[in-house]
Structure formats: C-alpha cells, structure tokens
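Asks: Sending over structure29.txt (compact mmCIF, C-alpha atoms and all ligand atoms).
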# COMPACT_ATOMS: atom_id res chain seq x y z
CA MET V 644 16.71 35.25 -15.30
CA LYS V 645 14.39 35.10 -18.29
CA VAL V 646 11.54 32.62 -18.28
CA THR V 647 9.48 31.65 -21.31
CA LEU V 648 5.94 30.53 -20.62
CA ARG V 649 4.05 28.57 -23.25
CA ILE V 650 0.41 29.02 -22.33
CA LYS V 651 -2.60 27.29 -23.84
CA ARG V 652 -5.13 30.05 -24.42
CA PHE V 653 -8.76 30.03 -25.42
CA ASP V 654 -11.39 32.75 -25.56
CA PRO V 655 -14.78 31.26 -26.47
CA ASP V 656 -15.92 34.65 -27.85
CA LYS V 657 -13.08 34.89 -30.35
CA ASP V 658 -11.35 31.56 -30.86
CA ALA V 659 -12.63 28.52 -32.67
CA LYS V 660 -10.15 26.35 -30.81
CA PRO V 661 -7.38 26.73 -28.22
CA TYR V 662 -3.95 27.98 -29.32
CA TRP V 663 -0.48 28.26 -27.76
CA ALA V 664 0.93 31.69 -26.88
CA GLU V 665 4.49 32.37 -25.72
CA TYR V 666 5.60 35.07 -23.31
CA THR V 667 9.08 35.79 -22.02
CA VAL V 668 9.35 37.61 -18.71
CA ALA V 669 12.02 38.42 -16.13
CA ALA V 670 11.76 36.38 -12.96
CA SER V 671 13.86 35.33 -10.01
CA PRO V 672 14.45 31.61 -9.41
CA VAL V 673 12.60 31.87 -6.09
CA ASP V 674 9.54 33.58 -7.58
CA ARG V 675 6.45 31.45 -7.84
CA LEU V 676 5.04 30.57 -11.25
CA LEU V 677 2.02 32.66 -10.23
CA ASP V 678 4.29 35.73 -10.11
CA ALA V 679 5.31 35.13 -13.71
CA LEU V 680 1.65 34.77 -14.74
CA ASN V 681 0.86 38.01 -12.93
CA THR V 682 3.75 39.76 -14.70
CA ILE V 683 2.28 38.71 -18.04
CA LYS V 684 -1.21 39.80 -17.06
CA TRP V 685 -0.12 43.14 -15.59
CA THR V 686 2.54 44.20 -18.08
CA ILE V 687 2.06 42.33 -21.37
CA ASP V 688 -1.48 41.07 -21.95
CA GLY V 689 -4.28 41.93 -19.54
CA THR V 690 -6.64 39.48 -21.21
CA LEU V 691 -4.74 36.42 -19.89
CA THR V 692 -7.24 34.82 -17.55
CA PHE V 693 -6.58 32.60 -14.55
CA ARG V 694 -7.95 32.15 -11.04
CA ARG V 695 -5.99 32.95 -7.92
CA SER V 696 -6.91 34.33 -4.57
CA CYS V 697 -4.73 33.58 -1.54
CA ALA V 698 -1.43 33.15 -3.43
CA HIS V 699 -0.27 30.99 -0.52
CA GLY V 700 -1.50 27.50 -1.29
CA VAL V 701 -4.59 27.50 0.90
CA CYS V 702 -7.56 28.58 -1.23
CA GLY V 703 -7.13 26.01 -3.96
CA SER V 704 -8.09 28.29 -6.85
CA ASP V 705 -5.00 28.17 -9.05
CA ALA V 706 -4.58 24.48 -9.85
CA MET V 707 -3.39 24.14 -13.46
CA ARG V 708 -1.34 21.80 -15.63
CA ILE V 709 2.29 22.92 -15.34
CA ASN V 710 4.84 20.99 -17.43
CA GLY V 711 2.29 18.19 -17.73
CA ARG V 712 1.47 17.89 -14.04
CA ASN V 713 -1.30 19.47 -12.03
CA ARG V 714 0.17 21.95 -9.57
CA LEU V 715 -0.84 25.13 -7.75
CA ALA V 716 0.82 28.03 -9.62
CA CYS V 717 1.36 29.74 -6.25
CA LYS V 718 3.31 26.78 -4.81
CA VAL V 719 5.60 26.07 -7.75
CA LEU V 720 8.91 27.96 -7.83
CA ILE V 721 10.47 29.10 -11.09
CA ARG V 722 13.68 27.20 -10.27
CA ASP V 723 11.68 23.97 -10.13
CA VAL V 724 10.11 24.37 -13.58
CA GLY V 725 13.07 25.68 -15.57
CA GLU V 726 13.39 28.41 -18.16
CA LYS V 727 10.75 26.99 -20.47
CA VAL V 728 7.43 26.22 -18.86
CA THR V 729 4.25 24.84 -20.37
CA VAL V 730 1.03 25.94 -18.71
CA GLU V 731 -2.40 24.54 -19.60
CA PRO V 732 -5.82 24.38 -18.00
CA MET V 733 -6.43 21.12 -16.10
CA LEU V 734 -7.61 18.20 -18.22
CA GLY V 735 -10.96 16.63 -17.44
CA PHE V 736 -12.76 19.95 -16.86
CA PRO V 737 -14.62 22.09 -19.41
CA VAL V 738 -12.48 25.18 -20.19
CA ILE V 739 -14.24 28.51 -19.63
CA LYS V 740 -11.40 30.81 -20.69
CA ASP V 741 -7.61 30.40 -20.85
CA LEU V 742 -6.61 28.67 -17.61
CA VAL V 743 -10.03 28.95 -15.97
CA VAL V 744 -12.02 25.72 -15.92
CA ASP V 745 -15.63 25.05 -14.94
CA MET V 746 -15.54 23.69 -11.39
CA ASP V 747 -19.35 23.29 -11.08
CA PRO V 748 -19.42 19.56 -11.93
CA PHE V 749 -16.55 19.07 -9.49
CA PHE V 750 -18.45 20.70 -6.63
CA HIS V 751 -21.67 18.83 -7.49
CA LYS V 752 -19.71 15.59 -7.08
CA TYR V 753 -18.31 16.90 -3.81
CA GLU V 754 -21.85 17.61 -2.56
CA SER V 755 -23.05 14.19 -3.71
CA ILE V 756 -21.04 12.42 -0.98
CA LYS V 757 -22.67 14.54 1.78
CA PRO V 758 -19.60 16.35 3.07
CA TYR V 759 -21.10 17.28 6.45
CA LEU V 760 -21.67 15.66 9.84
CA ILE V 761 -24.61 13.25 9.84
CA THR V 762 -26.02 12.08 13.19
CA HIS V 763 -29.20 10.27 14.15
CA ASP V 764 -28.94 10.38 17.96
CA ASN V 765 -30.27 13.22 20.09
CA GLU V 766 -28.07 16.29 20.28
CA PRO V 767 -25.62 15.90 23.14
CA GLY V 768 -25.67 18.66 25.76
CA THR V 769 -21.93 19.12 25.39
CA GLU V 770 -19.33 18.99 22.64
CA ARG V 771 -18.95 15.71 20.77
CA LEU V 772 -15.74 14.47 22.30
CA GLN V 773 -13.16 12.45 20.42
CA SER V 774 -9.83 10.92 21.44
CA PRO V 775 -6.61 12.03 19.73
CA GLU V 776 -6.45 8.60 18.06
CA GLU V 777 -9.99 8.97 16.73
CA ARG V 778 -9.10 12.41 15.40
CA ALA V 779 -5.93 11.11 13.78
CA ARG V 780 -7.91 8.42 11.91
CA TYR V 781 -9.23 10.91 9.34
CA ASP V 782 -6.62 13.67 9.68
CA GLU V 783 -5.25 13.45 6.14
CA GLY V 784 -8.57 14.17 4.45
CA THR V 785 -9.11 17.33 6.53
CA LYS V 786 -6.20 18.96 4.72
CA CYS V 787 -8.00 19.02 1.36
CA ILE V 788 -8.45 22.49 -0.15
CA LEU V 789 -10.68 21.31 -3.01
CA CYS V 790 -8.31 22.53 -5.69
CA GLY V 791 -9.24 19.69 -8.07
CA ALA V 792 -5.62 18.85 -8.95
CA CYS V 793 -6.19 15.18 -8.11
CA THR V 794 -9.45 14.81 -10.01
CA GLY V 795 -8.07 16.62 -13.07
CA SER V 796 -5.01 14.32 -13.13
CA CYS V 797 -7.01 11.09 -13.25
CA PRO V 798 -7.22 9.12 -16.54
CA SER V 799 -10.51 7.63 -15.32
CA ILE V 800 -12.01 11.16 -15.28
CA TRP V 801 -10.53 11.93 -18.70
CA GLY V 802 -12.36 8.88 -20.02
CA ASN V 803 -15.57 9.31 -18.04
CA PRO V 804 -16.44 12.81 -16.79
CA ASP V 805 -19.28 11.36 -14.69
CA TRP V 806 -17.06 9.42 -12.30
CA VAL V 807 -17.09 10.95 -8.84
CA GLY V 808 -13.31 11.43 -8.73
CA PRO V 809 -10.61 11.37 -6.06
CA ALA V 810 -11.36 14.71 -4.37
CA ALA V 811 -14.95 13.73 -3.52
CA ILE V 812 -13.75 10.37 -2.16
CA VAL V 813 -11.09 12.07 0.00
CA ASN V 814 -13.81 14.24 1.50
CA ALA V 815 -16.11 11.27 2.00
CA HIS V 816 -13.24 9.51 3.79
CA ARG V 817 -12.94 12.48 6.13
CA PHE V 818 -16.49 11.77 7.41
CA ILE V 819 -16.68 8.00 6.94
CA PHE V 820 -13.80 7.50 9.37
CA ASP V 821 -14.89 10.21 11.84
CA SER V 822 -16.01 8.46 15.05
CA ARG V 823 -18.70 11.13 15.65
CA ASP V 824 -20.36 10.66 12.27
CA GLN V 825 -23.25 8.24 11.70
CA GLY V 826 -23.67 8.56 7.94
CA THR V 827 -21.15 5.87 7.02
CA ALA V 828 -23.68 3.45 5.53
CA GLU V 829 -25.24 6.22 3.41
CA ARG V 830 -21.91 7.36 2.01
CA LEU V 831 -20.62 3.84 1.38
CA ALA V 832 -23.83 3.11 -0.54
CA ILE V 833 -23.32 6.22 -2.70
CA LEU V 834 -19.67 5.39 -3.38
CA GLY V 835 -20.44 1.74 -4.12
CA GLN V 836 -22.38 2.71 -7.26
CA ARG V 837 -21.20 2.52 -10.88
CA ASN V 838 -19.47 5.88 -10.80
CA GLY V 839 -18.23 5.49 -7.24
CA VAL V 840 -14.86 4.22 -5.97
CA TRP V 841 -14.62 1.27 -8.36
CA ARG V 842 -13.63 3.45 -11.32
CA CYS V 843 -10.33 3.98 -9.49
CA ARG V 844 -7.68 1.78 -11.15
CA THR V 845 -4.90 2.70 -8.66
CA ILE V 846 -3.07 4.85 -11.19
CA PHE V 847 -1.64 7.13 -8.43
CA ASN V 848 -1.66 10.33 -10.52
CA CYS V 849 -3.88 11.91 -7.84
CA SER V 850 -1.44 11.16 -5.02
CA ASP V 851 1.32 12.70 -7.11
CA ALA V 852 -0.73 15.80 -7.91
CA CYS V 853 -2.06 16.69 -4.45
CA PRO V 854 -0.42 19.95 -3.30
CA ARG V 855 -1.37 19.12 0.29
CA GLY V 856 0.54 15.86 0.34
CA ILE V 857 -2.60 13.82 0.94
CA PRO V 858 -2.05 10.11 0.11
CA VAL V 859 -5.17 10.23 -2.07
CA THR V 860 -5.04 6.69 -3.49
CA ASP V 861 -4.43 5.26 -0.02
CA LEU V 862 -7.62 6.95 1.25
CA ILE V 863 -9.61 5.73 -1.77
CA GLU V 864 -8.41 2.16 -1.13
CA GLN V 865 -9.52 2.44 2.52
CA VAL V 866 -13.00 3.43 1.35
CA LYS V 867 -13.03 0.50 -1.11
CA ARG V 868 -12.20 -1.90 1.72
CA ALA V 869 -14.85 -0.32 3.99
CA ILE V 870 -17.39 -1.04 1.23
CA ILE V 871 -16.16 -4.63 0.71
CA TYR V 872 -16.13 -5.47 4.41
CA GLY V 873 -19.23 -3.36 5.18
CA ASP V 874 -17.47 -1.78 8.12
CA ARG V 875 -15.33 1.32 8.71
CA ASN V 876 -13.42 -0.26 11.59
CA ILE V 877 -10.93 -1.99 9.32
CA ASP V 878 -7.23 -1.53 8.56
CA MET P 292 0.55 6.12 -14.23
CA TRP P 293 3.05 4.01 -16.19
CA SER P 294 2.30 0.97 -14.04
CA TRP P 295 -1.35 1.22 -14.99
CA LEU P 296 -0.78 1.97 -18.67
CA LEU P 297 1.61 -0.98 -18.98
CA HIS P 298 -0.87 -3.20 -17.15
CA ARG P 299 -3.62 -2.32 -19.59
CA VAL P 300 -1.45 -2.60 -22.70
CA THR P 301 0.01 -5.95 -21.58
CA GLY P 302 -3.45 -7.20 -20.58
CA LEU P 303 -4.75 -6.43 -24.07
CA ALA P 304 -1.63 -7.97 -25.66
CA VAL P 305 -2.17 -11.20 -23.73
CA LEU P 306 -5.83 -11.15 -24.72
CA LEU P 307 -4.76 -10.81 -28.37
CA PHE P 308 -2.51 -13.85 -27.97
CA LEU P 309 -5.40 -15.78 -26.44
CA LEU P 310 -7.40 -15.17 -29.63
CA VAL P 311 -4.46 -16.35 -31.78
CA HIS P 312 -4.08 -19.33 -29.47
CA ILE P 313 -7.71 -20.32 -29.94
CA VAL P 314 -7.12 -20.30 -33.69
CA ASP P 315 -3.88 -22.32 -33.57
CA ILE P 316 -5.34 -24.92 -31.22
CA GLY P 317 -8.48 -24.92 -33.37
CA LEU P 318 -6.34 -26.13 -36.32
CA LEU P 319 -6.33 -29.53 -34.61
CA SER P 320 -9.87 -30.07 -35.78
CA PHE P 321 -8.55 -30.09 -39.37
CA GLY P 322 -6.23 -33.00 -38.60
CA PRO P 323 -2.61 -33.39 -37.48
CA ASP P 324 -1.01 -32.23 -40.74
CA VAL P 325 -2.76 -28.88 -40.80
CA TYR P 326 -2.00 -28.42 -37.11
CA ASN P 327 1.70 -29.25 -37.46
CA GLU P 328 2.02 -26.91 -40.41
CA GLY P 329 0.33 -24.09 -38.53
CA ILE P 330 2.18 -24.58 -35.29
CA ALA P 331 5.53 -24.63 -37.15
CA LEU P 332 5.03 -20.91 -37.65
CA PHE P 333 5.90 -20.51 -33.95
CA SER P 334 9.44 -21.68 -34.73
CA THR P 335 10.11 -18.98 -37.30
CA GLY P 336 12.38 -16.10 -36.39
CA ILE P 337 9.76 -13.37 -36.59
CA VAL P 338 7.24 -15.20 -34.44
CA ARG P 339 9.97 -16.01 -31.91
CA VAL P 340 10.72 -12.30 -31.59
CA ILE P 341 7.01 -11.52 -31.24
CA SER P 342 6.88 -14.24 -28.58
CA LEU P 343 9.37 -12.18 -26.58
CA GLY P 344 6.74 -9.48 -26.37
CA LEU P 345 4.20 -12.03 -25.17
CA ILE P 346 6.57 -13.35 -22.51
CA ALA P 347 7.40 -9.86 -21.25
CA SER P 348 3.69 -8.97 -21.25
CA VAL P 349 2.59 -12.04 -19.32
CA LEU P 350 5.39 -11.63 -16.76
CA TYR P 351 4.73 -7.94 -16.19
CA HIS P 352 0.95 -8.40 -16.10
CA ALA P 353 1.18 -11.28 -13.63
CA PHE P 354 3.62 -9.60 -11.23
CA ASN P 355 1.89 -6.24 -11.42
CA GLY P 356 -1.45 -8.00 -10.97
CA VAL P 357 -0.18 -9.24 -7.63
CA ARG P 358 0.99 -5.70 -6.82
CA ILE P 359 -2.51 -4.35 -7.54
CA ILE P 360 -4.07 -7.05 -5.37
CA LEU P 361 -1.73 -6.06 -2.52
CA ILE P 362 -2.62 -2.38 -2.99
CA ASP P 363 -6.30 -3.32 -2.81
CA PHE P 364 -6.22 -5.67 0.17
CA TRP P 365 -3.07 -5.05 2.22
CA PRO P 366 -3.71 -1.95 4.37
CA ARG P 367 -0.16 -0.64 3.80
CA GLY P 368 -0.13 -1.58 0.11
CA ALA P 369 -0.83 1.91 -1.28
CA ARG P 370 2.04 3.35 0.75
CA TYR P 371 4.52 0.83 -0.64
CA GLN P 372 3.28 0.92 -4.23
CA GLY P 373 6.45 2.60 -5.54
CA ILE P 374 8.76 0.01 -3.99
CA MET P 375 6.48 -2.77 -5.17
CA PHE P 376 6.60 -1.36 -8.71
CA ALA P 377 10.40 -1.53 -8.61
CA VAL P 378 10.18 -5.14 -7.41
CA VAL P 379 7.72 -5.94 -10.24
CA MET P 380 10.14 -4.53 -12.83
CA ILE P 381 13.11 -6.42 -11.37
CA LEU P 382 11.19 -9.72 -11.23
CA THR P 383 9.91 -9.19 -14.77
CA ILE P 384 13.41 -8.64 -16.13
CA LEU P 385 14.97 -11.46 -14.09
CA CYS P 386 12.40 -13.99 -15.32
CA PHE P 387 12.40 -12.59 -18.85
CA LEU P 388 16.11 -13.02 -19.57
CA PRO P 389 16.44 -16.82 -19.26
CA MET P 390 13.09 -17.41 -20.99
CA ALA P 391 14.08 -15.06 -23.81
CA TYR P 392 17.32 -16.98 -24.22
CA PHE P 393 15.56 -20.30 -24.85
CA VAL P 394 13.09 -18.73 -27.24
CA VAL P 395 15.58 -16.76 -29.30
CA ALA P 396 18.63 -19.07 -29.25
CA PRO P 397 17.33 -21.45 -31.98
CA ILE P 398 17.28 -18.54 -34.44
CA PHE P 399 21.07 -18.56 -34.26
CA GLN P 400 21.33 -22.35 -34.55
CA PRO P 401 20.02 -22.99 -38.07
CA GLY P 402 18.75 -26.51 -38.53
CA ALA P 403 17.92 -26.85 -34.87
CA SER P 404 15.02 -24.41 -35.13
CA ALA P 405 12.39 -27.13 -35.46
CA VAL P 406 13.63 -28.86 -32.34
CA ALA P 407 11.55 -28.50 -29.20
CA LEU P 408 12.79 -26.17 -26.47
CA PRO P 409 15.15 -27.75 -23.95
CA MET P 410 13.16 -28.70 -20.87
C1 LIG V 901 -1.23 -14.30 -13.93
C2 LIG V 901 -2.48 -14.08 -14.25
C3 LIG V 901 -3.13 -12.72 -14.15
C4 LIG V 901 -3.18 -11.89 -13.08
C5 LIG V 901 -2.56 -12.09 -11.68
C6 LIG V 901 -3.96 -10.72 -13.49
C7 LIG V 901 -4.30 -9.66 -12.66
C8 LIG V 901 -5.06 -8.59 -13.05
C9 LIG V 901 -5.60 -7.60 -12.16
C10 LIG V 901 -5.45 -7.58 -10.63
C11 LIG V 901 -6.29 -6.71 -12.91
C12 LIG V 901 -7.07 -5.50 -12.38
C13 LIG V 901 -6.36 -4.22 -12.72
C14 LIG V 901 -6.96 -3.02 -12.07
O1 LIG V 901 -7.88 -3.12 -11.25
O2 LIG V 901 -6.46 -1.93 -12.35
C15 LIG V 901 -6.17 -7.10 -14.29
C16 LIG V 901 -6.68 -6.42 -15.38
C17 LIG V 901 -6.68 -6.89 -16.67
N1 LIG V 901 -6.21 -8.09 -17.12
FE1 LIG V 901 -5.21 -9.45 -15.98
N2 LIG V 901 -4.33 -10.86 -14.79
C18 LIG V 901 -3.86 -12.07 -15.24
C19 LIG V 901 -4.02 -12.63 -16.49
C20 LIG V 901 -4.62 -11.98 -17.57
C21 LIG V 901 -4.82 -12.59 -18.88
C22 LIG V 901 -4.45 -14.01 -19.25
C23 LIG V 901 -5.39 -11.61 -19.66
C24 LIG V 901 -5.81 -11.69 -21.11
C25 LIG V 901 -6.50 -12.67 -21.60
C26 LIG V 901 -5.56 -10.43 -18.85
C27 LIG V 901 -6.11 -9.25 -19.29
C28 LIG V 901 -6.41 -8.18 -18.48
C29 LIG V 901 -7.01 -6.94 -18.94
C30 LIG V 901 -7.38 -6.58 -20.38
C31 LIG V 901 -7.18 -6.12 -17.80
C32 LIG V 901 -7.80 -4.73 -17.75
C33 LIG V 901 -6.73 -3.71 -17.56
C34 LIG V 901 -7.21 -2.42 -16.97
O3 LIG V 901 -8.30 -2.36 -16.35
O4 LIG V 901 -6.49 -1.43 -17.11
N3 LIG V 901 -5.09 -10.69 -17.59
N4 LIG V 901 -5.42 -8.27 -14.36
S1 LIG V 902 -7.15 15.87 -2.29
FE1 LIG V 902 -5.40 17.26 -2.68
S2 LIG V 902 -5.39 17.51 -4.94
FE2 LIG V 902 -7.41 16.66 -4.41
S3 LIG V 902 -8.75 18.48 -4.22
FE3 LIG V 902 -7.95 18.00 -2.14
S4 LIG V 902 -6.10 19.28 -1.91
FE4 LIG V 902 -6.60 19.26 -4.13
S1 LIG V 903 -3.95 31.12 -5.06
FE1 LIG V 903 -4.81 30.12 -3.33
S2 LIG V 903 -4.00 28.10 -3.55
FE2 LIG V 903 -2.89 29.21 -5.05
Starting from the file, lay out its structure as structure tokens.
Replies:
Amino acid sequence: MKVTLRIKRFDPDKDAKPYWAEYTVAASPVDRLLDALNTIKWTIDGTLTFRRSCAHGVCGSDAMRINGRNRLACKVLIRDVGEKVTVEPMLGFPVIKDLVVDMDPFFHKYESIKPYLITHDNEPGTERLQSPEERARYDEGTKCILCGACTGSCPSIWGNPDWVGPAAIVNAHRFIFDSRDQGTAERLAILGQRNGVWRCRTIFNCSDACPRGIPVTDLIEQVKRAIIYGDRNID
Amino acid sequence: MWSWLLHRVTGLAVLLFLLVHIVDIGLLSFGPDVYNEGIALFSTGIVRVISLGLIASVLYHAFNGVRIILIDFWPRGARYQGIMFAVVMILTILCFLPMAYFVVAPIFQPGASAVALPM
C-alpha cells in the first residue's frame, strides 16, 4: 500500500519557521511507522532528521507526535495510523531539527528527583533483600524508558516548561516506594515544591501516551498522597 | 484531556456567572423597581437559553469535581477515572434534561413567561 506522511520539518540553519512536507512511500500494513520514515530518509530525502536506535521500543529515542498523539515510531504499525499520517516533533520541548527535540531540560528534571538509591545506614554485608510484595510495590515505574512521551503530552508542561513533569515523578515513585531506599523525605520535599507534583491536574494524557503501559497519573497521585500524609506506607 | 478542558471551561463559565450575579443582586441597593426591572431580563428567551449553558456547566463542574476528588483521595480512583467520567456525563445529562425543561418551557407559553418557575 501507499502511505502519505505529512511531516513537520524545521532546519534552524535554513528555515525561519517550521513547514509541512509530504512524502508518499510504499509500505506494508505491518511495517512500523519508523520503517516509513527510514524509507524517506534513505531513498527520498537524506536530510530528514529523527532519532532512533533500538527500533524495538526499548531505548526510548523515537518518541514523536503521530496523528496528534505521542507514540514511539518503532512501536506504531502502519495499519494503525492509516494511509495519511501526520508526524510532528513532541510539543513542550525545544525543536533542534525536524523531529529531534532537545531532551536536556527533560534529563535535568529527571536528575532533580535523585533517581538513585539513597541510604543512610551502614552498608550491609550482603545483598539488600526485599520480599516479592515489596518489589511489586514499585514495579510499574521500573518499566520507564525515559522516552518523554508522557511529559511532552502534558498541557501543564505546554503552559509551564519549568514543571518537573510526569516522567520525573514516575522515576521518583520508583525509589520513594522502594523498601530499601531511605531518601523518601528528600524526594517528597523536592516534589512538594511549586513545580512539583501539584502542577498535575489529572488530565491523563500521560497515561494515554506511555508506550510502556505505565499508569502514569496513578503513580503521580500516589506521590501526591505520600506528600499529604507524610508517609509512603499509604494506599 | 477533555474532562480537564471541560472542567476548566465550565469553572470559568460559572465564575463569569458569579460576576453577573453580583451585579444583579447589587441592583437591590438601587431599590425594588430597579431590581425587578433588571431581574426580569432572566425571563427573556435569550437569557433563558444562556441559562441552559450555566446549568450544564454547574452540573458538569460539580459532578466532575467529585470525580477529581475521588481520583486524588481514593487509592483506586485513577484506575477508574474513565468509568467515572462516563458516570459524570450520564449524571450531567440526566439532571440537565428536567431542569432545562422548566427553564425553557415558558418561552413557548407566551404570557406565562413572567411567572415564577413551578416549584
Ligand atoms: C459544586 C461545587 C464545586 C465543586 C465540587 C468544585 C470542584 C472543583 C475541583 C475539585 C477543582 C480542582 C480541579 C483540578 O485540580 O484539576 C475545581 C477547579 C476549578 N473550579 Fe470548581 N468546584 C465547584 C464550584 C465552582 C464554582 C462555583 C466556580 C466558579 C465560581 C468554580 C470554578 C473553578 C475553576 C475556575 C477551577 C480551575 C479549573 C482548573 O484548574 O482547570 N468551581 N473545582
Ligand atoms: S513513563 Fe512512559 S511515557 Fe513517560 S518517559 Fe517513561 S516510558 Fe516514556
Ligand atoms: S528506536 Fe528505541 S524505542 Fe523506538
């Protein structure tokens, strides 16, 4: 079948503002959208710029706005997007070129919630053991691949680029509810600030966007309650 | 996203009515005649139709407000948000229809339009 891709392009060296370009390529219904983008880049216009690495939905580099929703180009099949597809860079991020956005602010926010194990006790001589139930408590957040699809789908980010965003909160949740971690108070204090969890208005775009099926809003709400009650042993 | 957008739009619409309401109640301070003349505007056809928007806004905002509170405080709330949104819409429509009837009916009964709503 023939697929027409309408792509929002922008080259800061040449263009004053972004413009739409259309390409029609041959594709099979079970190809991924990424295959169609590659066909354009390899056979029609080599200057089309986008990120991709694993092509299998695990590296998180090809999140983009496909038919108005943030998706990984490598996880979306042609048959699910139809014969006319609109592809744009994610909203809420500065565009570097074509579909490539600047992820630096995103990763600074990720770092701001201290996404690593914090302990104050002496090092144990053995592994830090955990029961299956304790492990299950934060399982969902461990699946995050930091693609940014959730953060780029959030109207609160569109309106205020400084807000920490869903992805950082998901990764804070992963440590806040880890029984081995002792940095809960620190992280809850960080997320209780002006640009912390309270900018979330339960819009649910993030939960819809997440390619890993993480119930993003649910995790954010758990962190909100942990802040309100001052305790992670809730819910 | 639509649940949130509607909540914000209806919240602002209700706020707008509150401002109008302060003005119409404020007319009392100019005496009963001025007040009666002003408040009669609410019986005109156009304002009755606009009132429909206010009723729908208040109903949606109130029911969805409860949904948001449940999402915030009920541990399973976020998981059931979709079902709760459907319930909000159904409740909004169910409550809207009879109220809309009483507000709009007088338009079609000329002469009775100045009469108070049936209680
Ligand atoms: C039945 C009474 C009401 C209930 C249960 C209610 C509930 C709520 C809740 C829970 C929120 C927070 C939304 C969020 O966190 O995303 C909210 C927001 C809001 N409400 Fe109400 N409310 C009520 C009446 C009103 C009235 C009378 C007005 C106008 C005067 C109003 C205007 C607003 C506005 C402008 C917002 C901000 C919307 C936003 O943040 O997107 N509400 N309401
Ligand atoms: S929570 Fe989901 S959408 Fe957000 S960055 Fe992680 S994998 Fe991507
Ligand atoms: S290319 Fe790695 S997630 Fe799509």
Asks: Looking at V:Ile833, V:Met644, V:Ala792, V:Ile846, which one is nearest to Asp705 in chain V, with distances taken over all atoms listed in the file?
Replies: V:Ala792
Asks: Between P:Ile398, P:Val338, P:Leu332, P:Ile359, which is the closest to ligand LIG 901 (chain V) once you count all atoms listed in the file?
Replies: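 Smallest distance to ligand LIG 901 (chain V) is found for P:Ile359.
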Asks: Residues within 12 Å of ligand LIG 902 (chain V) (only C-alpha atoms and all ligand atoms), as a ChimeraX atom specification?
Replies: /V:700-707,712-715,733,746,749-750,752-753,783-797,808-817,847-863
Asks: Provide an axis-aligned box for all listed atoms of ligand LIG 901 (chain V), padding each side by 3 Å; report its centre and its edge lengths in Å to one decimal, as lines of an AutoDock Vina configuration file.
Replies:
center_x = -4.8
center_y = -7.9
center_z = -16.1
size_x = 13.1
size_y = 18.9
size_z = 17.0
Asks: Skipping near chain neighbours, those fewer than 4 positions away, what residues fall within 12 Å of Val395 in chain P using all atoms listed in the file, listed as a list in words?
Replies: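 My list of contacting residues is Phe333, Ser334, Thr335, Gly336, Ile337, Val338, Arg339, Val340, Ile341, Ser342, Leu343, Gly344, Ile346, Phe387, Leu388, Pro389, Met390, Ala391, Phe399, Gln400, Pro401, Ala403, Ser404 and Leu408 of chain P.
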Asks: Give the residues close to ligand LIG 901 (chain V), within 10 Å, counting only C-alpha atoms and all ligand atoms; write them as a compact mmCIF listing (two decimals) with C-alpha atoms, keeping the file's coordinate frame.
Replies:
# COMPACT_ATOMS: atom_id res chain seq x y z
CA TRP V 841 -14.62 1.27 -8.36
CA ARG V 842 -13.63 3.45 -11.32
CA CYS V 843 -10.33 3.98 -9.49
CA ARG V 844 -7.68 1.78 -11.15
CA THR V 845 -4.90 2.70 -8.66
CA ILE V 846 -3.07 4.85 -11.19
CA SER P 294 2.30 0.97 -14.04
CA TRP P 295 -1.35 1.22 -14.99
CA LEU P 296 -0.78 1.97 -18.67
CA LEU P 297 1.61 -0.98 -18.98
CA HIS P 298 -0.87 -3.20 -17.15
CA ARG P 299 -3.62 -2.32 -19.59
CA VAL P 300 -1.45 -2.60 -22.70
CA THR P 301 0.01 -5.95 -21.58
CA GLY P 302 -3.45 -7.20 -20.58
CA LEU P 303 -4.75 -6.43 -24.07
CA ALA P 304 -1.63 -7.97 -25.66
CA VAL P 305 -2.17 -11.20 -23.73
CA LEU P 306 -5.83 -11.15 -24.72
CA LEU P 307 -4.76 -10.81 -28.37
CA PHE P 308 -2.51 -13.85 -27.97
CA LEU P 309 -5.40 -15.78 -26.44
CA LEU P 310 -7.40 -15.17 -29.63
CA SER P 348 3.69 -8.97 -21.25
CA VAL P 349 2.59 -12.04 -19.32
CA LEU P 350 5.39 -11.63 -16.76
CA TYR P 351 4.73 -7.94 -16.19
CA HIS P 352 0.95 -8.40 -16.10
CA ALA P 353 1.18 -11.28 -13.63
CA PHE P 354 3.62 -9.60 -11.23
CA ASN P 355 1.89 -6.24 -11.42
CA GLY P 356 -1.45 -8.00 -10.97
CA VAL P 357 -0.18 -9.24 -7.63
CA ARG P 358 0.99 -5.70 -6.82
CA ILE P 359 -2.51 -4.35 -7.54
CA ILE P 360 -4.07 -7.05 -5.37
CA LEU P 361 -1.73 -6.06 -2.52
CA ILE P 362 -2.62 -2.38 -2.99
CA ASP P 363 -6.30 -3.32 -2.81
Asks: Counting all atoms listed in the file, collect the residues of chain P whose closest atom lies at most 6 Å from chain V, and write them out as a ChimeraX atom specification.
Replies: /P:292,295,366,369
Asks: Within 9 Å of range 821-829 of chain V, counting only C-alpha atoms, which residues qualify if same-chain residues fewer than 5 places away don't, as a list in words?
Replies: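 Close residues of range 821-829 of chain V: Ile756, Lys757, Tyr759, Leu760, Ile761, Thr762, His763, Asp764, Arg771, Leu772, Gln773, Glu777, Arg778, Arg780, Tyr781, Ala815, His816, Leu834, Ile870, Gly873, Asp874 and Arg875 of chain V.
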Asks: Write out as a ChimeraX atom specification which residues come within 7 Å of Ile721 in chain V when counting all atoms listed in the file, dropping same-chain ones fewer than 4 positions away.
Replies: /V:672-676,725
Asks: Taking all atoms listed in the file into account, which of V:Leu677, V:Val646, V:Cys717, V:Val866 comes nearest ligand LIG 903 (chain V)?
Replies: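 Ranked by minimum distance to ligand LIG 903 (chain V), first place goes to V:Cys717.
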Asks: Taking all atoms listed in the file into account, name the residue in P:Ser320, P:His312, P:Ala347, P:Glu328 that is nearest to Val379 in chain P.
Replies: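 That would be P:Ala347, the residue with the smallest distance to Val379 in chain P.
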Asks: Taking (4.4, 27.7, -28.3) as a centre in this file's frame and 12 Å as the limit, can you find every polymer residue with an atom that close, using only C-alpha atoms, and give them as a PyMOL selection string?
Replies: chain V and resi 647-652+661-667+727-731
Asks: By how many Å are CA of Glu726 in chain V and CA of Lys645 in chain V apart?
Replies: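 CA of Glu726 in chain V sits 6.8 Å away from CA of Lys645 in chain V.
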Asks: What is the CA of Ala331 in chain P-CA of Leu345 in chain P distance in Å, reported with one decimal?
Replies: 17.4 Å
Asks: Just the number, please: distance in Å from CA of Arg694 in chain V to CA of Asp658 in chain V, one decimal.
Replies: 20.1 Å
Asks: Point out the residue among V:Phe653, V:Ala659, V:Trp685, V:Ser696 with the least atom-to-atom distance to ligand LIG 903 (chain V), counting all atoms listed in the file.
Replies: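 For ligand LIG 903 (chain V), the nearest of the given residues is V:Ser696.
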